[in-house]
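Here's my_file.pdb, which has PDB, C-alpha atoms, pLDDT in the B column:
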```
ATOM      1  CA  SER A   1     103.330 118.780 129.815  1.00 70.00           C
ATOM      2  CA  MET A   2     100.885 120.868 127.823  1.00 82.00           C
ATOM      3  CA  PRO A   3      97.782 121.989 129.797  1.00 87.00           C
ATOM      4  CA  ASN A   4      94.542 120.258 128.788  1.00 87.00           C
ATOM      5  CA  SER A   5      93.013 123.645 128.016  1.00 89.00           C
ATOM      6  CA  ARG A   6      95.397 124.295 125.111  1.00 93.00           C
ATOM      7  CA  LEU A   7      93.895 123.956 121.633  1.00 93.00           C
ATOM      8  CA  PRO A   8      96.474 121.386 120.347  1.00 92.00           C
ATOM      9  CA  LYS A   9      95.707 119.181 123.369  1.00 92.00           C
ATOM     10  CA  GLN A  10      91.970 119.501 122.756  1.00 94.00           C
ATOM     11  CA  CYS A  11      92.500 118.502 119.098  1.00 95.00           C
ATOM     12  CA  TYR A  12      94.445 115.449 120.263  1.00 94.00           C
ATOM     13  CA  PHE A  13      91.686 114.413 122.662  1.00 94.00           C
ATOM     14  CA  MET A  14      89.107 114.758 119.892  1.00 95.00           C
ATOM     15  CA  SER A  15      91.203 112.696 117.464  1.00 96.00           C
ATOM     16  CA  LYS A  16      91.817 110.038 120.131  1.00 94.00           C
ATOM     17  CA  LYS A  17      88.115 109.842 120.962  1.00 95.00           C
ATOM     18  CA  LEU A  18      87.174 109.433 117.292  1.00 96.00           C
ATOM     19  CA  PHE A  19      89.802 106.683 116.911  1.00 94.00           C
ATOM     20  CA  GLU A  20      88.460 104.826 119.938  1.00 94.00           C
ATOM     21  CA  ALA A  21      85.003 105.064 118.339  1.00 95.00           C
ATOM     22  CA  GLY A  22      86.289 103.215 115.289  1.00 94.00           C
ATOM     23  CA  ARG A  23      87.356 106.087 113.043  1.00 95.00           C
ATOM     24  CA  GLU A  24      90.752 106.294 111.351  1.00 95.00           C
ATOM     25  CA  THR A  25      92.493 109.400 112.718  1.00 96.00           C
ATOM     26  CA  TRP A  26      95.995 110.803 113.110  1.00 96.00           C
ATOM     27  CA  ALA A  27      95.928 109.884 116.798  1.00 96.00           C
ATOM     28  CA  GLY A  28      95.246 106.301 115.749  1.00 96.00           C
ATOM     29  CA  ARG A  29      98.240 106.393 113.436  1.00 96.00           C
ATOM     30  CA  ILE A  30     100.361 107.495 116.383  1.00 96.00           C
ATOM     31  CA  LYS A  31      99.152 104.436 118.309  1.00 96.00           C
ATOM     32  CA  HIS A  32     100.006 102.178 115.359  1.00 97.00           C
ATOM     33  CA  LEU A  33     103.551 103.588 115.283  1.00 96.00           C
ATOM     34  CA  LEU A  34     103.981 103.156 119.023  1.00 97.00           C
ATOM     35  CA  ASP A  35     102.760  99.549 118.766  1.00 97.00           C
ATOM     36  CA  LYS A  36     104.938  98.814 115.748  1.00 96.00           C
ATOM     37  CA  TYR A  37     108.141  99.934 117.441  1.00 96.00           C
ATOM     38  CA  GLY A  38     107.473  98.464 120.879  1.00 96.00           C
ATOM     39  CA  PHE A  39     106.271 101.528 122.766  1.00 97.00           C
ATOM     40  CA  SER A  40     102.660 100.508 123.389  1.00 96.00           C
ATOM     41  CA  TYR A  41     103.014 101.418 127.060  1.00 96.00           C
ATOM     42  CA  VAL A  42     103.227 105.096 126.073  1.00 96.00           C
ATOM     43  CA  TRP A  43      99.745 104.917 124.588  1.00 96.00           C
ATOM     44  CA  VAL A  44      98.429 103.139 127.656  1.00 95.00           C
ATOM     45  CA  LYS A  45      99.958 105.660 130.067  1.00 95.00           C
ATOM     46  CA  GLN A  46      99.380 108.636 127.742  1.00 93.00           C
ATOM     47  CA  SER A  47     102.631 110.028 129.078  1.00 92.00           C
ATOM     48  CA  VAL A  48     106.370 109.420 129.320  1.00 93.00           C
ATOM     49  CA  ASP A  49     108.666 109.819 132.302  1.00 92.00           C
ATOM     50  CA  ASN A  50     111.336 111.703 130.366  1.00 94.00           C
ATOM     51  CA  LEU A  51     110.436 113.227 127.003  1.00 93.00           C
ATOM     52  CA  ASP A  52     114.026 113.594 125.720  1.00 95.00           C
ATOM     53  CA  VAL A  53     114.890 109.995 126.593  1.00 96.00           C
ATOM     54  CA  PHE A  54     111.717 108.730 124.930  1.00 96.00           C
ATOM     55  CA  ILE A  55     112.289 110.716 121.723  1.00 96.00           C
ATOM     56  CA  ASN A  56     115.911 109.530 121.455  1.00 97.00           C
ATOM     57  CA  SER A  57     114.887 105.920 122.112  1.00 97.00           C
ATOM     58  CA  PHE A  58     112.028 106.057 119.616  1.00 97.00           C
ATOM     59  CA  VAL A  59     114.147 107.612 116.864  1.00 97.00           C
ATOM     60  CA  GLN A  60     116.905 105.043 117.383  1.00 97.00           C
ATOM     61  CA  ARG A  61     114.370 102.182 117.304  1.00 97.00           C
ATOM     62  CA  VAL A  62     112.916 103.460 114.013  1.00 96.00           C
ATOM     63  CA  LYS A  63     116.411 103.663 112.500  1.00 95.00           C
ATOM     64  CA  ASP A  64     117.342 100.179 113.714  1.00 96.00           C
ATOM     65  CA  CYS A  65     114.127  98.657 112.344  1.00 96.00           C
ATOM     66  CA  TYR A  66     114.570 100.399 109.003  1.00 95.00           C
ATOM     67  CA  LEU A  67     118.138  99.109 108.652  1.00 93.00           C
ATOM     68  CA  GLN A  68     116.985  95.592 109.468  1.00 93.00           C
ATOM     69  CA  GLU A  69     114.218  95.798 106.869  1.00 93.00           C
ATOM     70  CA  TRP A  70     116.693  97.240 104.340  1.00 91.00           C
ATOM     71  CA  HIS A  71     119.150  94.373 104.866  1.00 90.00           C
ATOM     72  CA  CYS A  72     116.352  91.783 104.634  1.00 91.00           C
ATOM     73  CA  ALA A  73     115.034  93.310 101.396  1.00 88.00           C
ATOM     74  CA  LEU A  74     118.526  93.163  99.884  1.00 86.00           C
ATOM     75  CA  GLU A  75     119.068  89.551 100.909  1.00 86.00           C
ATOM     76  CA  GLN A  76     115.708  88.476  99.510  1.00 85.00           C
ATOM     77  CA  SER A  77     116.201  90.266  96.192  1.00 81.00           C
ATOM     78  CA  SER A  78     116.733  87.947  93.234  1.00 76.00           C
ATOM     79  CA  LYS A  79     118.923  90.575  91.574  1.00 80.00           C
ATOM     80  CA  LEU A  80     121.379  93.254  92.733  1.00 83.00           C
ATOM     81  CA  LYS A  81     124.107  90.647  93.225  1.00 87.00           C
ATOM     82  CA  LEU A  82     126.902  93.188  92.758  1.00 88.00           C
ATOM     83  CA  TYR A  83     125.097  95.852  94.777  1.00 89.00           C
ATOM     84  CA  LYS A  84     124.824  93.478  97.743  1.00 89.00           C
ATOM     85  CA  GLU A  85     128.583  92.967  97.751  1.00 89.00           C
ATOM     86  CA  ILE A  86     129.324  96.690  97.605  1.00 90.00           C
ATOM     87  CA  LYS A  87     126.569  98.156  99.746  1.00 87.00           C
ATOM     88  CA  THR A  88     127.313  96.627 103.151  1.00 85.00           C
ATOM     89  CA  THR A  89     126.529  99.764 105.191  1.00 87.00           C
ATOM     90  CA  TYR A  90     123.679 102.249 104.950  1.00 88.00           C
ATOM     91  CA  GLU A  91     125.482 105.394 103.841  1.00 90.00           C
ATOM     92  CA  PRO A  92     125.929 107.361 100.616  1.00 91.00           C
ATOM     93  CA  ALA A  93     127.952 105.451  98.034  1.00 91.00           C
ATOM     94  CA  SER A  94     131.484 106.757  97.617  1.00 92.00           C
ATOM     95  CA  TYR A  95     130.997 107.594  93.935  1.00 93.00           C
ATOM     96  CA  LEU A  96     128.118 109.912  94.857  1.00 93.00           C
ATOM     97  CA  LEU A  97     130.440 111.839  97.153  1.00 93.00           C
ATOM     98  CA  GLN A  98     133.568 111.828  94.993  1.00 94.00           C
ATOM     99  CA  LEU A  99     132.200 112.421  91.494  1.00 95.00           C
ATOM    100  CA  TRP A 100     130.409 115.505  90.223  1.00 94.00           C
ATOM    101  CA  ASN A 101     129.926 114.572  86.588  1.00 95.00           C
ATOM    102  CA  LYS A 102     126.327 113.330  86.252  1.00 95.00           C
ATOM    103  CA  LYS A 103     127.263 111.113  83.314  1.00 96.00           C
ATOM    104  CA  PHE A 104     129.894 109.332  85.411  1.00 96.00           C
ATOM    105  CA  ILE A 105     127.551 108.945  88.386  1.00 96.00           C
ATOM    106  CA  SER A 106     124.838 107.531  86.120  1.00 96.00           C
ATOM    107  CA  ALA A 107     127.278 105.068  84.524  1.00 96.00           C
ATOM    108  CA  ILE A 108     128.350 103.544  87.831  1.00 96.00           C
ATOM    109  CA  ALA A 109     124.774 103.524  89.156  1.00 95.00           C
ATOM    110  CA  LYS A 110     123.588 101.607  86.074  1.00 94.00           C
ATOM    111  CA  ILE A 111     126.043  98.790  86.714  1.00 94.00           C
ATOM    112  CA  GLN A 112     125.612  98.641  90.477  1.00 92.00           C
ATOM    113  CA  CYS A 113     121.806  98.905  90.476  1.00 90.00           C
ATOM    114  CA  CYS A 114     120.968  96.784  87.397  1.00 87.00           C
ATOM    115  CA  GLY A 115     119.816  99.801  85.407  1.00 86.00           C
ATOM    116  CA  HIS A 116     121.556  98.564  82.259  1.00 90.00           C
ATOM    117  CA  ASN A 117     120.430  96.501  79.274  1.00 89.00           C
ATOM    118  CA  LEU A 118     122.951  93.682  79.517  1.00 92.00           C
ATOM    119  CA  ASN A 119     121.507  90.349  78.440  1.00 90.00           C
ATOM    120  CA  VAL A 120     121.067  89.043  81.978  1.00 89.00           C
ATOM    121  CA  GLU A 121     118.743  91.947  82.764  1.00 87.00           C
ATOM    122  CA  ARG A 122     116.874  91.741  79.453  1.00 85.00           C
ATOM    123  CA  SER A 123     116.322  88.026  80.066  1.00 83.00           C
ATOM    124  CA  ARG A 124     115.120  88.653  83.633  1.00 80.00           C
ATOM    125  CA  TYR A 125     112.740  91.379  82.440  1.00 74.00           C
ATOM    126  CA  ALA A 126     111.302  89.192  79.690  1.00 72.00           C
ATOM    127  CA  GLN A 127     110.665  86.362  82.160  1.00 70.00           C
ATOM    128  CA  ALA A 128     109.073  88.701  84.704  1.00 64.00           C
ATOM    129  CA  ARG A 129     106.739  90.176  82.087  1.00 66.00           C
ATOM    130  CA  ASN A 130     105.956  86.763  80.549  1.00 65.00           C
ATOM    131  CA  THR A 131     106.533  88.261  77.130  1.00 57.00           C
ATOM    132  CA  ASN A 132     106.974  86.278  73.928  1.00 61.00           C
ATOM    133  CA  ASN A 133     110.448  87.768  73.540  1.00 59.00           C
ATOM    134  CA  VAL A 134     112.976  85.269  74.864  1.00 58.00           C
ATOM    135  CA  TYR A 135     116.397  86.713  75.585  1.00 62.00           C
ATOM    136  CA  ASN A 136     119.436  84.520  76.053  1.00 79.00           C
ATOM    137  CA  ALA A 137     121.460  85.772  79.015  1.00 87.00           C
ATOM    138  CA  LEU A 138     124.728  84.614  77.421  1.00 90.00           C
ATOM    139  CA  CYS A 139     127.111  87.293  76.205  1.00 92.00           C
ATOM    140  CA  ASN A 140     127.009  87.710  72.438  1.00 89.00           C
ATOM    141  CA  ILE A 141     129.817  90.257  72.385  1.00 92.00           C
ATOM    142  CA  CYS A 142     132.713  87.875  73.038  1.00 91.00           C
ATOM    143  CA  ASN A 143     133.516  84.188  72.620  1.00 80.00           C
ATOM    144  CA  VAL A 144     133.458  83.391  76.345  1.00 83.00           C
ATOM    145  CA  THR A 145     130.457  81.245  77.249  1.00 88.00           C
ATOM    146  CA  GLU A 146     129.238  83.238  80.237  1.00 91.00           C
ATOM    147  CA  ASP A 147     126.093  85.142  81.119  1.00 92.00           C
ATOM    148  CA  GLU A 148     126.411  88.792  80.260  1.00 93.00           C
ATOM    149  CA  ASP A 149     125.980  90.069  83.802  1.00 93.00           C
ATOM    150  CA  GLU A 150     127.718  92.891  85.639  1.00 94.00           C
ATOM    151  CA  TYR A 151     130.696  90.752  86.632  1.00 95.00           C
ATOM    152  CA  HIS A 152     131.246  89.504  83.086  1.00 95.00           C
ATOM    153  CA  PHE A 153     130.917  93.009  81.657  1.00 96.00           C
ATOM    154  CA  MET A 154     133.263  94.590  84.180  1.00 96.00           C
ATOM    155  CA  CYS A 155     135.768  91.755  84.656  1.00 96.00           C
ATOM    156  CA  THR A 156     136.137  89.196  81.879  1.00 95.00           C
ATOM    157  CA  CYS A 157     134.432  90.080  78.594  1.00 95.00           C
ATOM    158  CA  THR A 158     137.337  89.956  76.145  1.00 95.00           C
ATOM    159  CA  ALA A 159     135.789  92.613  73.904  1.00 96.00           C
ATOM    160  CA  TYR A 160     136.711  95.212  76.519  1.00 96.00           C
ATOM    161  CA  ASN A 161     140.216  94.016  77.395  1.00 96.00           C
ATOM    162  CA  ASP A 162     141.918  97.075  75.915  1.00 97.00           C
ATOM    163  CA  LEU A 163     139.533  99.484  77.598  1.00 97.00           C
ATOM    164  CA  ARG A 164     139.875  97.600  80.873  1.00 97.00           C
ATOM    165  CA  PHE A 165     143.651  97.810  80.685  1.00 97.00           C
ATOM    166  CA  LYS A 166     143.509 101.507  79.786  1.00 97.00           C
ATOM    167  CA  PHE A 167     141.156 102.615  82.557  1.00 97.00           C
ATOM    168  CA  LEU A 168     141.399  99.898  85.224  1.00 96.00           C
ATOM    169  CA  GLY A 169     145.017  98.845  84.839  1.00 95.00           C
ATOM    170  CA  ALA A 170     144.421  95.207  83.868  1.00 95.00           C
ATOM    171  CA  ALA A 171     142.925  93.336  80.924  1.00 94.00           C
ATOM    172  CA  SER A 172     140.780  91.317  83.331  1.00 94.00           C
ATOM    173  CA  LEU A 173     139.705  91.515  86.963  1.00 95.00           C
ATOM    174  CA  ASN A 174     138.479  89.054  89.548  1.00 95.00           C
ATOM    175  CA  GLU A 175     135.444  89.694  91.720  1.00 93.00           C
ATOM    176  CA  ILE A 176     137.469  90.811  94.727  1.00 94.00           C
ATOM    177  CA  GLN A 177     139.355  93.363  92.637  1.00 95.00           C
ATOM    178  CA  LEU A 178     136.114  94.645  91.122  1.00 95.00           C
ATOM    179  CA  ILE A 179     134.391  95.099  94.467  1.00 94.00           C
ATOM    180  CA  SER A 180     137.454  96.806  95.926  1.00 94.00           C
ATOM    181  CA  THR A 181     137.587  99.158  92.939  1.00 95.00           C
ATOM    182  CA  LEU A 182     133.906 100.055  93.095  1.00 94.00           C
ATOM    183  CA  LYS A 183     134.121 100.687  96.845  1.00 93.00           C
ATOM    184  CA  SER A 184     137.119 102.977  96.421  1.00 94.00           C
ATOM    185  CA  LYS A 185     136.923 106.501  97.804  1.00 94.00           C
ATOM    186  CA  ASN A 186     139.587 107.731  95.411  1.00 96.00           C
ATOM    187  CA  GLU A 187     138.170 110.175  92.864  1.00 96.00           C
ATOM    188  CA  THR A 188     140.626 109.212  90.119  1.00 96.00           C
ATOM    189  CA  ILE A 189     139.877 105.501  90.451  1.00 96.00           C
ATOM    190  CA  LEU A 190     136.116 106.083  90.414  1.00 96.00           C
ATOM    191  CA  ARG A 191     136.378 108.407  87.432  1.00 97.00           C
ATOM    192  CA  ASN A 192     138.324 105.743  85.537  1.00 97.00           C
ATOM    193  CA  VAL A 193     135.679 103.157  86.438  1.00 97.00           C
ATOM    194  CA  ALA A 194     133.018 105.463  85.009  1.00 97.00           C
ATOM    195  CA  LEU A 195     135.087 106.089  81.882  1.00 98.00           C
ATOM    196  CA  PHE A 196     135.504 102.354  81.366  1.00 98.00           C
ATOM    197  CA  ILE A 197     131.759 101.766  81.715  1.00 97.00           C
ATOM    198  CA  CYS A 198     130.853 104.607  79.341  1.00 97.00           C
ATOM    199  CA  ASN A 199     133.336 103.539  76.687  1.00 97.00           C
ATOM    200  CA  ALA A 200     132.553  99.829  77.043  1.00 97.00           C
ATOM    201  CA  LEU A 201     128.808 100.423  76.685  1.00 96.00           C
ATOM    202  CA  THR A 202     129.449 102.531  73.582  1.00 96.00           C
ATOM    203  CA  LEU A 203     131.639  99.770  72.112  1.00 96.00           C
ATOM    204  CA  ARG A 204     128.976  97.197  73.003  1.00 95.00           C
ATOM    205  CA  ASP A 205     126.318  99.160  71.127  1.00 93.00           C
ATOM    206  CA  SER A 206     128.621  99.417  68.125  1.00 93.00           C
ATOM    207  CA  ILE A 207     129.343  95.664  68.095  1.00 92.00           C
ATOM    208  CA  LEU A 208     125.658  94.785  68.435  1.00 89.00           C
ATOM    209  CA  SER A 209     124.777  97.208  65.638  1.00 87.00           C
ATOM    210  CA  THR A 210     127.355  95.533  63.395  1.00 82.00           C
ATOM    211  CA  HIS A 211     125.886  92.111  64.217  1.00 67.00           C
ATOM    212  CA  LEU A 212     122.411  93.332  63.242  1.00 66.00           C
ATOM    213  CA  ASP A 213     123.691  94.772  59.959  1.00 63.00           C
ATOM    214  CA  GLN A 214     125.312  91.455  59.085  1.00 63.00           C
ATOM    215  CA  HIS A 215     122.034  89.630  59.598  1.00 56.00           C
TER     216      HIS A 215
END
```

When written as structure tokens, how does the structure in this file appear?
Amino acid sequence: SMPNSRLPKQCYFMSKKLFEAGRETWAGRIKHLLDKYGFSYVWVKQSVDNLDVFINSFVQRVKDCYLQEWHCALEQSSKLKLYKEIKTTYEPASYLLQLWNKKFISAIAKIQCCGHNLNVERSRYAQARNTNNVYNALCNICNVTEDEDEYHFMCTCTAYNDLRFKFLGAASLNEIQLISTLKSKNETILRNVALFICNALTLRDSILSTHLDQH
């Protein structure tokens, strides 16, 4: 271990002493981390038997705790329904690795991460902000009485049947097919998903604009 005469060790002793006197110091933050991840004994002993083993154990514990917190946060979220079905492991999404076109990446991310303006999200936002604007979550693009959420947009909205058939190979999809498609690691499939989303959103804007003109 480092000799007590070394300057870094002296700085540590000073920080530790100030913490024990009631001050908030970086040594105190080290203690908080050790306590948080179950290594309080290291602070008590002020040493470890094997530094490499300790570092590996500590790093793994931090990773495990983070993954647990990540899964809990997802489960407790009132949104991200589609994201929860797709993102079952903590690793880069396949579309981020397979696609290079930023427009395509953004299109898929919007649908998976609720970054869109479909009625279900507009309604949720209005409720969360307690605004006077009340948005109906039902789809006003087609005649199907369903909430305009990600599943409806991607799978069943009849306004996009032709686009769905062109890019996804079927006029409609079920949830299992959608999840399988979005989890694909095939570049062509993911590019077609992005093309469907881009074209469908453009068509949606055009239909909504026509509705506004008529009123």

Rows by chain and residue number, range 58-126 of chain A within 12 Å of range 172-181 of chain A, shortest pair, all atoms listed in the file, as CSV:
```
residue,atom,partner,partner_atom,distance
A:Lys81,CA,A:Ile179,CA,11.3
A:Leu82,CA,A:Ile179,CA,7.9
A:Tyr83,CA,A:Ile179,CA,9.3
A:Lys84,CA,A:Ile179,CA,10.2
A:Glu85,CA,A:Ile179,CA,7.0
A:Ile86,CA,A:Ile179,CA,6.2
A:Lys87,CA,A:Ile179,CA,9.9
A:Thr88,CA,A:Ile179,CA,11.3
A:Ser94,CA,A:Thr181,CA,10.8
A:Tyr95,CA,A:Thr181,CA,10.8
A:Ile108,CA,A:Thr181,CA,11.4
A:Ile111,CA,A:Leu178,CA,11.7
A:Gln112,CA,A:Ile179,CA,10.3
```

Around all of range 79-90 of chain A's listed atoms, make the axis-aligned box with 8 Å on each side and tell me centre and edge lengths in Å to one decimal, as AutoDock Vina command-line options.
```
--center_x 124.1 --center_y 96.4 --center_z 98.4 --size_x 26.4 --size_y 27.7 --size_z 29.6
```

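With the shown file loaded, the PyMOL selection byres ((chain A and resi 196) around 8) picks out Leu163, Arg164, Phe167, Leu168, Asn192, Val193, Ala194, Leu195, Ile197, Cys198, Asn199 and Ala200 of chain A.
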
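Nearest residue to His71 in chain A among A:Phe165, A:Phe58, A:Tyr90, A:Trp100 is A:Tyr90, counting all atoms listed in the file.
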
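Atom pair CA of Asn161 in chain A / CA of Ser209 in chain A: separated by 19.7 Å.
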
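Nearest-residue note for Asp205 in chain A: choosing from A:Lys79, A:Ile141, A:Lys185, A:Asn56, the minimum distance belongs to A:Ile141, counting all atoms listed in the file.
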
* Straight-line distance linking CA of Leu138 in chain A with CA of Ala171 in chain A, stated in Å to one decimal -> 20.5 Å

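Put simply, CA of Lys183 in chain A is 7.9 Å away from CA of Ala93 in chain A.
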
* Structure fact -> Of A:Leu80, A:Lys36, A:Arg6, A:Glu91, the one nearest to Arg61 in chain A when counting only C-alpha atoms is A:Lys36

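Proximity of A:Thr188, A:Thr89, A:Asp49, A:Ala137 to Asn117 in chain A, computed with only C-alpha atoms, is greatest for A:Ala137.
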
* To do: Step by step, work through what the PyMOL selection byres ((chain A and resi 149) around 9) selects in the shown file, and finish by giving those residues as a ChimeraX atom specification.
  => /A:118-121,137-139,146-148,150-154

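Using only C-alpha atoms, the nearest neighbour of Lys31 in chain A within the list A:Gln10, A:Gln46, A:Ser184, A:Ser77 is A:Gln46.
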
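Among the candidates A:Phe104, A:Tyr37, A:Tyr160, A:Trp43, the one nearest to Cys65 in chain A when counting only C-alpha atoms is A:Tyr37.
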